[in-house]
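Dropping my_file_19.txt in here (compact mmCIF, C-alpha atoms):
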```
# COMPACT_ATOMS: atom_id res chain seq x y z
CA MET C 8 0.13 35.04 -19.12
CA HIS C 9 2.67 33.02 -17.13
CA ALA C 10 4.47 30.04 -18.71
CA ALA C 11 6.72 27.62 -16.83
CA ILE C 12 9.30 25.97 -19.10
CA LEU C 13 10.99 22.77 -17.91
CA THR C 14 14.20 21.23 -19.18
CA ASN C 15 17.32 19.43 -17.97
CA PHE C 16 19.86 22.25 -18.10
CA ALA C 17 20.03 26.06 -18.11
CA THR C 18 22.73 25.99 -20.77
CA PRO C 19 22.51 24.33 -24.20
CA LYS C 20 23.83 20.76 -24.13
CA GLY C 21 21.75 19.88 -27.16
CA GLY C 22 19.02 21.19 -29.41
CA ALA C 23 16.24 20.67 -26.86
CA GLU C 24 17.84 22.92 -24.25
CA LYS C 25 18.75 25.49 -26.89
CA VAL C 26 15.12 25.73 -27.99
CA ALA C 27 13.84 25.81 -24.40
CA ILE C 28 16.16 28.68 -23.52
CA GLU C 29 15.43 30.64 -26.68
CA SER C 30 11.69 30.06 -26.25
CA ALA C 31 11.94 31.51 -22.75
CA ARG C 32 13.70 34.60 -24.07
CA GLY C 33 11.29 35.08 -26.98
CA LEU C 34 8.26 34.77 -24.71
CA ALA C 35 9.72 37.20 -22.18
CA GLU C 36 10.41 39.72 -24.92
CA ALA C 37 6.76 39.31 -26.01
CA GLY C 38 5.56 40.23 -22.51
CA VAL C 39 4.89 36.73 -21.17
CA ALA C 40 6.06 36.03 -17.61
CA VAL C 41 8.41 33.04 -17.80
CA THR C 42 9.71 30.68 -15.14
CA LEU C 43 12.44 28.38 -16.46
CA ILE C 44 12.87 25.31 -14.26
CA HIS C 45 15.99 23.24 -14.92
CA GLY C 46 16.84 19.96 -13.26
CA ALA C 47 20.64 19.91 -13.15
CA ASP C 48 22.91 22.50 -11.61
CA GLY C 49 25.32 24.47 -13.75
CA PRO C 50 25.87 27.82 -15.45
CA ALA C 51 22.99 29.67 -17.09
CA ASP C 52 22.94 30.83 -20.68
CA PRO C 53 23.10 34.66 -21.02
CA MET C 54 19.84 34.47 -23.01
CA LEU C 55 18.09 33.89 -19.67
CA ASP C 56 19.27 37.24 -18.32
CA HIS C 57 15.99 39.10 -18.78
CA PRO C 58 13.72 40.76 -16.18
CA GLY C 59 10.77 38.73 -17.43
CA ILE C 60 12.47 35.38 -16.76
CA ARG C 61 12.63 33.73 -13.34
CA ARG C 62 15.09 30.82 -13.20
CA VAL C 63 14.62 27.96 -10.73
CA GLY C 64 17.23 25.21 -10.40
CA LEU C 65 16.34 21.90 -8.75
CA GLY C 66 19.92 21.04 -7.80
CA LEU C 67 19.85 17.62 -9.44
CA THR C 68 22.70 15.75 -11.14
CA ASP C 69 22.88 14.66 -14.76
CA VAL C 70 22.37 10.87 -14.73
CA TRP C 71 25.32 10.55 -17.14
CA GLU C 72 27.54 11.85 -14.33
CA ARG C 73 26.26 9.27 -11.81
CA PRO C 74 27.71 5.80 -11.17
CA ALA C 75 26.12 3.44 -13.68
CA TRP C 76 23.72 1.73 -11.23
CA ARG C 77 22.61 5.04 -9.71
CA GLY C 78 22.15 6.68 -13.09
CA ALA C 79 20.04 3.73 -14.24
CA VAL C 80 17.75 3.87 -11.20
CA GLU C 81 17.33 7.64 -11.31
CA GLY C 82 16.87 7.63 -15.08
CA ILE C 83 13.93 5.24 -14.77
CA TRP C 84 12.22 6.99 -11.84
CA ASN C 85 13.84 9.83 -9.90
CA ARG C 86 11.74 10.32 -6.75
CA GLU C 87 13.92 13.20 -5.60
CA ALA C 88 13.37 15.02 -8.90
CA ALA C 89 9.62 14.63 -8.45
CA ARG C 90 9.78 15.91 -4.87
CA ARG C 91 11.90 18.93 -5.75
CA LEU C 92 9.81 19.82 -8.78
CA GLY C 93 6.61 19.65 -6.75
CA ALA C 94 8.12 21.91 -4.10
CA ALA C 95 9.42 24.38 -6.70
CA LEU C 96 6.04 24.65 -8.42
CA ALA C 97 4.25 25.11 -5.09
CA ALA C 98 6.69 27.87 -4.10
CA LEU C 99 6.17 29.99 -7.21
CA PRO C 100 4.65 33.37 -6.31
CA ALA C 101 2.18 33.08 -9.19
CA ARG C 102 0.53 29.96 -10.61
CA PRO C 103 1.56 29.32 -14.24
CA ASP C 104 -1.13 29.22 -16.91
CA VAL C 105 0.76 26.48 -18.79
CA LEU C 106 3.65 24.08 -18.20
CA HIS C 107 5.89 23.40 -21.19
CA LEU C 108 8.29 20.44 -21.03
CA HIS C 109 11.23 20.24 -23.43
CA GLN C 110 13.43 17.45 -22.07
CA TRP C 111 13.38 15.16 -19.04
CA THR C 112 15.63 12.15 -19.70
CA ARG C 113 18.95 13.48 -18.36
CA ALA C 114 17.93 14.77 -14.90
CA LEU C 115 14.17 14.77 -14.35
CA SER C 116 12.97 11.28 -15.38
CA PRO C 117 9.35 10.13 -16.01
CA ALA C 118 8.66 10.69 -12.28
CA ILE C 119 7.84 14.31 -13.08
CA PHE C 120 4.75 13.47 -15.17
CA PRO C 121 2.50 12.71 -12.16
CA VAL C 122 3.75 15.92 -10.51
CA LEU C 123 2.81 17.97 -13.57
CA ALA C 124 -0.58 16.29 -13.82
CA ARG C 125 -1.43 16.94 -10.17
CA THR C 126 -1.08 20.69 -10.64
CA GLY C 127 -4.15 20.72 -12.90
CA ILE C 128 -2.26 23.11 -15.20
CA PRO C 129 -2.31 22.34 -18.97
CA VAL C 130 0.93 20.64 -20.09
CA ALA C 131 2.69 20.85 -23.47
CA VAL C 132 5.63 18.71 -24.55
CA THR C 133 7.87 19.61 -27.49
CA LEU C 134 9.07 16.48 -29.29
CA HIS C 135 12.69 17.16 -30.23
CA ASP C 136 13.20 13.41 -30.61
CA TYR C 137 11.22 10.15 -30.37
CA PHE C 138 11.42 9.40 -26.64
CA MET C 139 7.63 9.44 -26.35
CA VAL C 140 7.50 6.20 -28.37
CA CYS C 141 11.06 4.90 -28.67
CA PRO C 142 13.29 3.61 -25.85
CA ASN C 143 16.54 4.86 -27.44
CA GLY C 144 14.94 8.16 -28.40
CA VAL C 145 15.88 8.39 -32.05
CA TYR C 146 13.83 5.58 -33.67
CA TYR C 147 17.06 4.28 -35.16
CA ARG C 148 18.72 0.86 -35.29
CA PHE C 149 22.31 1.49 -34.20
CA ASP C 150 23.00 -2.20 -34.76
CA LYS C 151 21.99 -1.88 -38.42
CA ALA C 152 22.85 1.82 -39.03
CA GLU C 153 19.36 2.52 -40.39
CA PRO C 154 16.04 3.99 -39.25
CA CYS C 155 13.85 1.64 -37.24
CA GLY C 156 10.73 0.16 -38.76
CA LEU C 157 9.42 -1.72 -35.72
CA ARG C 158 6.21 -0.94 -33.88
CA PRO C 159 7.13 0.81 -30.62
CA PHE C 160 6.99 -1.45 -27.55
CA SER C 161 6.18 -4.52 -29.66
CA PRO C 162 8.00 -7.76 -28.74
CA ALA C 163 10.34 -7.20 -31.70
CA CYS C 164 11.06 -3.66 -30.50
CA LEU C 165 11.81 -4.74 -26.94
CA ALA C 166 14.10 -7.56 -28.13
CA ALA C 167 16.02 -5.56 -30.76
CA PRO C 168 19.71 -4.86 -29.91
CA CYS C 169 19.29 -1.31 -31.20
CA ASP C 170 20.95 0.67 -28.39
CA PRO C 171 24.27 2.37 -29.24
CA GLN C 172 25.88 1.08 -26.03
CA SER C 173 24.67 -2.35 -24.92
CA ARG C 174 21.71 -4.63 -24.26
CA VAL C 175 21.87 -3.69 -20.58
CA HIS C 176 21.58 -0.04 -21.49
CA LYS C 177 18.66 -0.89 -23.78
CA ALA C 178 16.95 -2.71 -20.89
CA VAL C 179 17.26 0.38 -18.69
CA ARG C 180 15.86 2.58 -21.44
CA VAL C 181 12.95 0.17 -21.99
CA ALA C 182 12.15 0.32 -18.28
CA ARG C 183 12.23 4.11 -18.40
CA ALA C 184 10.01 4.23 -21.49
CA LEU C 185 7.45 1.87 -19.98
CA ALA C 186 7.41 3.89 -16.75
CA GLN C 187 6.79 7.02 -18.81
CA VAL C 188 3.96 5.44 -20.82
CA ALA C 189 2.27 4.16 -17.66
CA ALA C 190 2.59 7.54 -15.91
CA ILE C 191 1.06 9.44 -18.81
CA ALA C 192 -1.79 6.95 -19.21
CA ARG C 193 -2.56 7.01 -15.49
CA CYS C 194 -2.29 10.75 -14.91
CA PHE C 195 -3.38 12.69 -18.00
CA SER C 196 -6.68 13.15 -19.75
CA ALA C 197 -5.05 15.56 -22.22
CA LEU C 198 -1.49 16.38 -23.22
CA ASP C 199 -0.49 18.82 -25.97
CA LEU C 200 2.41 17.66 -28.17
CA VAL C 201 4.41 20.12 -30.25
CA HIS C 202 6.08 18.76 -33.40
CA VAL C 203 8.95 20.72 -34.95
CA SER C 204 8.60 19.37 -38.50
CA ASN C 205 5.89 17.88 -40.68
CA GLY C 206 7.95 14.74 -41.16
CA SER C 207 8.28 13.92 -37.48
CA ARG C 208 4.59 14.62 -36.94
CA ALA C 209 3.65 12.31 -39.81
CA ARG C 210 5.74 9.54 -38.27
CA LEU C 211 4.75 10.02 -34.63
CA GLU C 212 1.04 10.79 -34.77
CA PRO C 213 -0.02 7.38 -36.18
CA MET C 214 2.02 5.66 -33.44
CA MET C 215 0.07 7.52 -30.76
CA ARG C 216 -3.51 7.02 -31.84
CA GLY C 217 -5.96 6.33 -29.04
CA ALA C 218 -3.83 8.27 -26.56
CA PRO C 219 -4.73 11.52 -24.73
CA PHE C 220 -2.72 13.70 -27.10
CA ARG C 221 -3.47 16.82 -29.09
CA HIS C 222 -0.92 17.43 -31.85
CA HIS C 223 0.48 20.81 -32.93
CA ARG C 224 3.19 21.99 -35.33
CA ILE C 225 5.53 24.87 -34.42
CA ASP C 226 8.94 25.63 -35.96
CA ASN C 227 11.96 25.85 -33.73
CA PRO C 228 13.29 29.41 -33.38
CA VAL C 229 16.44 30.49 -35.18
CA ARG C 230 18.56 33.06 -33.35
CA VAL C 231 20.20 34.78 -36.30
CA ALA C 232 20.07 38.55 -36.74
CA ARG C 233 19.23 39.69 -40.24
CA ALA C 234 22.31 40.76 -42.15
CA ALA C 235 23.50 40.89 -45.73
CA ALA C 236 23.75 37.51 -47.38
CA ALA C 237 27.07 35.74 -47.10
CA ASP C 238 29.18 35.11 -50.20
CA PRO C 239 29.50 31.31 -50.08
CA ALA C 240 31.35 31.29 -53.40
CA ALA C 241 34.26 32.86 -51.53
CA GLY C 242 34.32 29.91 -49.13
CA ASP C 243 36.42 26.83 -49.60
CA ALA C 244 34.82 24.04 -47.53
CA ILE C 245 31.73 21.94 -46.94
CA ALA C 246 30.82 22.57 -43.29
CA PHE C 247 29.25 20.38 -40.62
CA VAL C 248 28.21 21.81 -37.25
CA GLY C 249 27.26 19.70 -34.23
CA ARG C 250 28.08 16.42 -32.58
CA PHE C 251 30.27 14.11 -34.65
CA THR C 252 28.34 10.83 -34.68
CA ARG C 253 27.57 8.29 -37.36
CA GLU C 254 23.81 8.72 -37.09
CA LYS C 255 24.25 12.44 -37.78
CA GLY C 256 26.34 11.64 -40.85
CA ALA C 257 29.53 13.52 -39.97
CA ASP C 258 31.61 10.77 -41.60
CA LEU C 259 29.57 11.06 -44.79
CA VAL C 260 30.45 14.75 -45.09
CA ALA C 261 34.19 14.09 -44.76
CA GLN C 262 34.17 11.21 -47.23
CA GLY C 263 31.84 12.91 -49.72
CA ALA C 264 33.82 16.16 -49.72
CA HIS C 265 37.12 14.32 -50.16
CA ARG C 266 35.68 12.37 -53.08
CA ALA C 267 34.45 15.65 -54.63
CA GLY C 268 37.85 17.30 -54.22
CA LEU C 269 36.74 19.84 -51.59
CA PRO C 270 37.93 20.48 -48.03
CA SER C 271 35.54 19.79 -45.16
CA LEU C 272 35.17 21.85 -41.98
CA PHE C 273 33.82 20.38 -38.73
CA VAL C 274 32.69 22.63 -35.89
CA GLY C 275 31.89 20.69 -32.73
CA ASP C 276 33.09 17.44 -31.22
CA GLY C 277 32.10 13.82 -30.76
CA PRO C 278 33.22 10.21 -30.96
CA LEU C 279 34.17 10.46 -34.65
CA ALA C 280 36.56 13.39 -34.17
CA ASP C 281 39.75 11.35 -34.70
CA GLU C 282 38.24 9.51 -37.66
CA LEU C 283 37.35 12.83 -39.29
CA ARG C 284 40.83 14.26 -38.75
CA ALA C 285 42.26 11.27 -40.59
CA VAL C 286 40.35 12.10 -43.80
CA PRO C 287 42.45 14.21 -46.21
CA GLY C 288 41.16 17.77 -46.41
CA ALA C 289 39.13 17.60 -43.18
CA GLU C 290 39.60 20.25 -40.47
CA VAL C 291 38.14 19.95 -36.95
CA THR C 292 37.87 23.16 -34.91
CA GLY C 293 36.09 21.99 -31.74
CA TRP C 294 33.13 23.77 -30.18
CA ARG C 295 32.84 27.52 -30.74
CA ALA C 296 30.53 30.22 -29.39
CA PRO C 297 27.48 30.94 -31.63
CA ALA C 298 28.89 34.24 -32.92
CA GLU C 299 32.19 32.56 -33.76
CA VAL C 300 30.38 29.75 -35.59
CA GLU C 301 28.42 32.22 -37.72
CA ALA C 302 31.57 34.19 -38.57
CA LEU C 303 33.47 31.01 -39.42
CA LEU C 304 30.71 29.73 -41.68
CA ARG C 305 30.38 33.08 -43.44
CA ALA C 306 34.13 33.05 -44.11
CA ARG C 307 34.66 29.38 -45.00
CA ALA C 308 31.46 27.53 -45.94
CA ARG C 309 30.42 26.91 -49.52
CA ALA C 310 27.54 24.94 -48.00
CA VAL C 311 26.42 23.53 -44.65
CA ALA C 312 25.56 19.82 -44.68
CA ALA C 313 23.51 17.73 -42.25
CA PRO C 314 23.13 14.31 -43.94
CA ALA C 315 21.58 12.49 -40.97
CA ARG C 316 21.07 8.75 -41.19
CA TRP C 317 18.39 8.93 -38.48
CA LEU C 318 14.97 10.55 -38.88
CA GLU C 319 16.17 13.87 -37.47
CA THR C 320 13.29 16.12 -36.45
CA GLY C 321 14.72 19.53 -37.34
CA PRO C 322 18.45 20.35 -37.15
CA LEU C 323 18.91 24.04 -36.35
CA THR C 324 22.20 24.35 -38.24
CA ILE C 325 20.40 24.00 -41.56
CA TYR C 326 17.99 26.83 -40.74
CA GLU C 327 20.86 29.04 -39.54
CA ALA C 328 22.74 28.43 -42.80
CA LEU C 329 19.74 29.44 -44.89
CA ALA C 330 19.30 32.59 -42.79
CA ALA C 331 22.91 33.55 -43.46
CA GLY C 332 22.59 32.97 -47.19
CA ILE C 333 24.65 29.78 -47.26
CA PRO C 334 23.37 26.81 -49.33
CA ALA C 335 22.12 23.94 -47.17
CA ILE C 336 22.30 20.21 -47.81
CA ALA C 337 20.01 17.99 -45.74
CA SER C 338 19.18 14.32 -45.60
CA ASP C 339 15.96 13.23 -47.21
CA ARG C 340 15.19 11.62 -43.83
CA ALA C 341 15.40 14.89 -41.86
CA GLY C 342 12.78 17.50 -41.06
CA ALA C 343 15.17 20.23 -42.21
CA GLY C 344 14.67 19.12 -45.79
CA GLU C 345 11.21 20.70 -45.65
CA LYS C 346 12.84 24.13 -45.54
CA ILE C 347 15.11 23.55 -48.54
CA ARG C 348 14.02 24.06 -52.14
CA ASP C 349 15.98 21.29 -53.83
CA GLY C 350 18.25 22.79 -56.48
CA GLU C 351 17.14 26.33 -55.57
CA THR C 352 18.37 27.01 -52.01
CA GLY C 353 20.37 23.82 -51.51
CA PHE C 354 19.90 20.10 -51.96
CA VAL C 355 17.97 17.28 -50.27
CA VAL C 356 19.82 14.00 -50.74
CA ALA C 357 20.04 10.47 -49.42
CA PRO C 358 22.58 9.98 -46.59
CA ASP C 359 25.00 8.21 -48.91
CA VAL C 360 28.61 9.02 -49.79
CA ALA C 361 28.08 8.74 -53.56
CA ALA C 362 24.99 10.98 -53.54
CA LEU C 363 26.73 13.57 -51.39
CA ALA C 364 29.91 13.49 -53.47
CA GLU C 365 27.85 14.20 -56.59
CA VAL C 366 26.15 17.21 -54.96
CA PHE C 367 29.38 18.48 -53.40
CA GLY C 368 31.04 18.26 -56.81
CA ARG C 369 28.39 20.57 -58.24
CA LEU C 370 29.26 23.08 -55.53
CA ARG C 371 32.67 23.67 -57.09
CA ASP C 372 30.78 25.97 -59.49
CA ASP C 373 31.01 29.50 -58.01
CA ALA C 374 28.06 30.80 -59.99
CA LEU C 375 25.80 27.99 -58.76
CA VAL C 376 26.90 28.42 -55.14
CA ARG C 377 26.32 32.17 -55.26
CA ARG C 378 22.89 31.70 -56.82
CA LEU C 379 21.86 29.11 -54.23
CA GLY C 380 23.04 31.33 -51.37
CA GLU C 381 21.17 34.39 -52.63
CA ALA C 382 17.97 32.37 -53.04
CA ALA C 383 18.38 30.79 -49.61
CA HIS C 384 18.72 34.20 -47.94
CA ALA C 385 15.79 35.74 -49.80
CA ARG C 386 13.47 32.80 -49.20
CA TYR C 387 14.35 32.46 -45.50
CA TRP C 388 13.80 36.12 -44.70
CA ASN C 389 10.51 36.16 -46.59
CA ALA C 390 9.13 34.05 -43.69
CA PRO C 391 11.84 33.97 -41.01
CA MET C 392 11.76 31.54 -38.08
CA THR C 393 12.61 34.28 -35.59
CA LEU C 394 12.24 34.28 -31.80
CA ALA C 395 9.32 36.68 -32.22
CA ALA C 396 7.53 34.38 -34.69
CA HIS C 397 8.16 31.38 -32.43
CA ALA C 398 6.88 33.23 -29.37
CA ALA C 399 3.72 34.33 -31.23
CA ALA C 400 2.99 30.71 -32.18
CA LEU C 401 3.54 29.59 -28.57
CA ARG C 402 1.23 32.30 -27.23
CA ASP C 403 -1.51 31.09 -29.59
CA LEU C 404 -0.92 27.51 -28.44
CA TYR C 405 -0.99 28.47 -24.76
CA ALA C 406 -4.20 30.47 -25.18
CA GLY C 407 -5.85 27.45 -26.79
CA MET C 408 -4.60 25.14 -24.06
CA ALA C 409 -5.88 27.42 -21.30
CA GLY C 410 -9.26 27.62 -23.03
CA ALA C 411 -9.44 23.84 -23.43
CA ALA C 412 -8.60 23.39 -19.76
CA GLU C 413 -11.70 25.36 -18.82
CA ALA C 414 -13.91 23.01 -20.87
CA PRO C 415 -15.01 19.58 -19.58
CA SER C 416 -12.19 17.04 -20.06
CA PHE C 417 -12.70 13.79 -21.95
CA GLN C 418 -12.28 10.32 -20.43
CA ARG C 419 -8.77 9.05 -19.92
CA LYS C 420 -7.56 6.43 -22.35
CA ALA C 421 -4.64 4.07 -22.58
CA VAL C 422 -1.52 5.60 -24.17
CA MET C 423 -0.61 2.71 -26.41
```
Would you mind writing the file out in structure tokens?
Amino acid sequence: MHAAILTNFATPKGGAEKVAIESARGLAEAGVAVTLIHGADGPADPMLDHPGIRRVGLGLTDVWERPAWRGAVEGIWNREAARRLGAALAALPARPDVLHLHQWTRALSPAIFPVLARTGIPVAVTLHDYFMVCPNGVYYRFDKAEPCGLRPFSPACLAAPCDPQSRVHKAVRVARALAQVAAIARCFSALDLVHVSNGSRARLEPMMRGAPFRHHRIDNPVRVARAAAADPAAGDAIAFVGRFTREKGADLVAQGAHRAGLPSLFVGDGPLADELRAVPGAEVTGWRAPAEVEALLRARARAVAAPARWLETGPLTIYEALAAGIPAIASDRAGAGEKIRDGETGFVVAPDVAALAEVFGRLRDDALVRRLGEAAHARYWNAPMTLAAHAAALRDLYAGMAGAAEAPSFQRKAVM
């Protein structure tokens, strides 16, 4: 089997690229020939250094690094990306059995969908976010600091000032989303969508009825080697790992921990960095390599918290905490909450300072923290979300897609 994986970058700049890269490695280790095609230039993650992985760069530029007008035009429809992708696919020494798209908004644009369709090769798309139905990608009202409840592409949706930057930026994103919807409707009779949590599937599938989609559910992989459980009771802080933004709830962790009388530890960076440093007891370390992050959490974290305000699909940091034997605290809006046994391996709470402060206060009890960590480790490793398990699920998906492609296709329908 030969799978071509497409994404924006060859190094993790977010969860989507991380999963794309780790999927490539897991598949290669399982004996699948992998071609990873990335839009933007840049360094490659060491995970891609495997004899079973061919890497193809398209030499494009991240639209965020373009002048505003150029980034807007290329974000909506990048003709050069389409041309280069078509040429790269045609030049491959062996035709892929499947094409698997992970992200396209930063370098590739919706212009790649007709290119993928013209190959006649089955296409899968992993939904790490809500860009298939939501212009701003997270189905979240930044103007109201709450999840969106509007019907995608309805007049109310198009008029809402929900973008985190400006109405002009929202207009560009609407144009991109409509171009994407039109391209999929025009070009595909079938498209396989991979959901990474039950919650995101339950939200997205009803919004996409009547469209040429087949829905699947596959966990993201977790790249954590099995080791003895950490001793979180020896830690001192509530930890947050990732980008420091309000929709991810970084500020809630700092405020909740301070109210509970515990330090907070922030690994990463983002627009709230200075605000977090101003909270008593908060420590900001900046980005660290994965091995450093794991070591730091094992030494310092009484728990890892991800109290997202948005409907997060599946934050990897929660899964990595459970694998290490560290209690996890997730938002009741996030897909990660599905992996937590509330009160047994961690807590699932509302993204609210008072609710978090109450839970954090309970974590001052060493016996409780140690019990939660031991249960988290045992339960995770009873059914681990390893690269091998992820690759096995993908191989099953790809086999089904290849079989469906050999059967007569159904009539094309409108996407929305």
**Message:** Set the distance at 12 Å and use only C-alpha atoms: which residues neighbour Gly206 in chain C once local chain neighbours fewer than 4 positions away are removed? I'd like the list as a list in words.
**Reply:**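 Once the nearby chain positions are removed, what remains is Asp136, His202, Arg210, Leu211, Glu212, Pro213, Arg224, Leu318, Glu319, Thr320, Gly321, Asp339, Arg340, Ala341, Gly342, Ala343, Gly344, Glu345 and Lys346 of chain C.
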**Message:** When you look at Glu81 in chain C with a cut-off of 9 Å (counting all atoms listed in the file), what residues show up, excluding the ones that are within fewer than 4 positions of it in the same chain? I need them as a ChimeraX atom specification.
**Reply:** /C:70,76-77,85-88,114-116
Can I get the selection written as a CSV table (one decimal), keeping the file's coordinate frame, with C-alpha atoms?
```csv
chain,number,residue,atom,x,y,z
C,70,VAL,CA,22.4,10.9,-14.7
C,76,TRP,CA,23.7,1.7,-11.2
C,77,ARG,CA,22.6,5.0,-9.7
C,85,ASN,CA,13.8,9.8,-9.9
C,86,ARG,CA,11.7,10.3,-6.8
C,87,GLU,CA,13.9,13.2,-5.6
C,88,ALA,CA,13.4,15.0,-8.9
C,114,ALA,CA,17.9,14.8,-14.9
C,115,LEU,CA,14.2,14.8,-14.4
C,116,SER,CA,13.0,11.3,-15.4
```
**Item:** Top pick for closest residue to Pro334 in chain C, considering C:Ala31, C:Val80, C:Ile44, C:Ala313 and counting only C-alpha atoms
**Value:**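 When distances to Pro334 in chain C are compared using only C-alpha atoms, the smallest one comes from C:Ala313.
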**Prompt:** If I put a ball of radius 6 Å at (1.9, 36.0, -18.1) in the file's coordinates, which residues poke into it when counting only C-alpha atoms, written as an MDAnalysis selection string?
**Reply:** chainID C and resid 8:9 39:40
Restricting the output to C-alpha atoms, write the selected residues as a JSON list (two decimals), keeping the file's coordinate frame.
```
[["chain", "number", "residue", "atom", "x", "y", "z"],
["C", 8, "MET", "CA", 0.13, 35.04, -19.12],
["C", 9, "HIS", "CA", 2.67, 33.02, -17.13],
["C", 39, "VAL", "CA", 4.89, 36.73, -21.17],
["C", 40, "ALA", "CA", 6.06, 36.03, -17.61]]
```
**Fill in**
As a check of understanding: the span from CA of Gln262 in chain C to CA of Pro358 in chain C is 11.7 Å
**Item:** Protein and nucleic acid residues near (34.2, 14.9, -33.3) (cut-off 8 Å, all atoms listed in the file) as a ChimeraX atom specification
**Value:** /C:250-252,273,275-281,283,291,293
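CA of Phe138 in chain C sits 12.9 Å away from CA of Gly82 in chain C.
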As a compact mmCIF listing (two decimals), in the coordinates of the input, the rebuilt range 340-352 of chain C with N, CA, C and O atoms:
```txt
# COMPACT_ATOMS: atom_id res chain seq x y z
N ARG C 340 15.86 12.19 -44.99
CA ARG C 340 15.19 11.62 -43.83
C ARG C 340 14.92 12.67 -42.75
O ARG C 340 14.28 12.36 -41.74
N ALA C 341 15.44 13.89 -42.92
CA ALA C 341 15.40 14.89 -41.86
C ALA C 341 14.32 15.92 -42.08
O ALA C 341 14.00 16.28 -43.23
N GLY C 342 13.79 16.45 -40.97
CA GLY C 342 12.78 17.50 -41.06
C GLY C 342 13.30 18.76 -41.71
O GLY C 342 12.53 19.52 -42.31
N ALA C 343 14.60 19.01 -41.63
CA ALA C 343 15.17 20.23 -42.21
C ALA C 343 14.99 20.29 -43.71
O ALA C 343 14.95 21.37 -44.30
N GLY C 344 14.86 19.13 -44.35
CA GLY C 344 14.67 19.12 -45.79
C GLY C 344 13.42 19.84 -46.24
O GLY C 344 13.32 20.30 -47.38
N GLU C 345 12.45 19.98 -45.33
CA GLU C 345 11.21 20.70 -45.65
C GLU C 345 11.45 22.17 -45.92
O GLU C 345 10.65 22.82 -46.58
N LYS C 346 12.55 22.71 -45.39
CA LYS C 346 12.84 24.13 -45.54
C LYS C 346 13.76 24.42 -46.72
O LYS C 346 14.08 25.57 -47.00
N ILE C 347 14.20 23.38 -47.41
CA ILE C 347 15.11 23.55 -48.54
C ILE C 347 14.35 23.35 -49.84
O ILE C 347 13.62 22.36 -49.99
N ARG C 348 14.51 24.26 -50.78
CA ARG C 348 14.02 24.06 -52.14
C ARG C 348 15.14 23.37 -52.91
O ARG C 348 16.16 23.98 -53.21
N ASP C 349 14.93 22.09 -53.20
CA ASP C 349 15.98 21.29 -53.83
C ASP C 349 16.41 21.91 -55.15
O ASP C 349 15.60 22.14 -56.06
N GLY C 350 17.71 22.19 -55.28
CA GLY C 350 18.25 22.79 -56.48
C GLY C 350 18.08 24.29 -56.55
O GLY C 350 18.61 24.93 -57.47
N GLU C 351 17.38 24.89 -55.56
CA GLU C 351 17.14 26.33 -55.57
C GLU C 351 17.83 27.02 -54.39
O GLU C 351 18.45 28.07 -54.54
N THR C 352 17.72 26.44 -53.19
CA THR C 352 18.37 27.01 -52.01
C THR C 352 19.38 26.03 -51.40
O THR C 352 20.02 26.35 -50.41
```
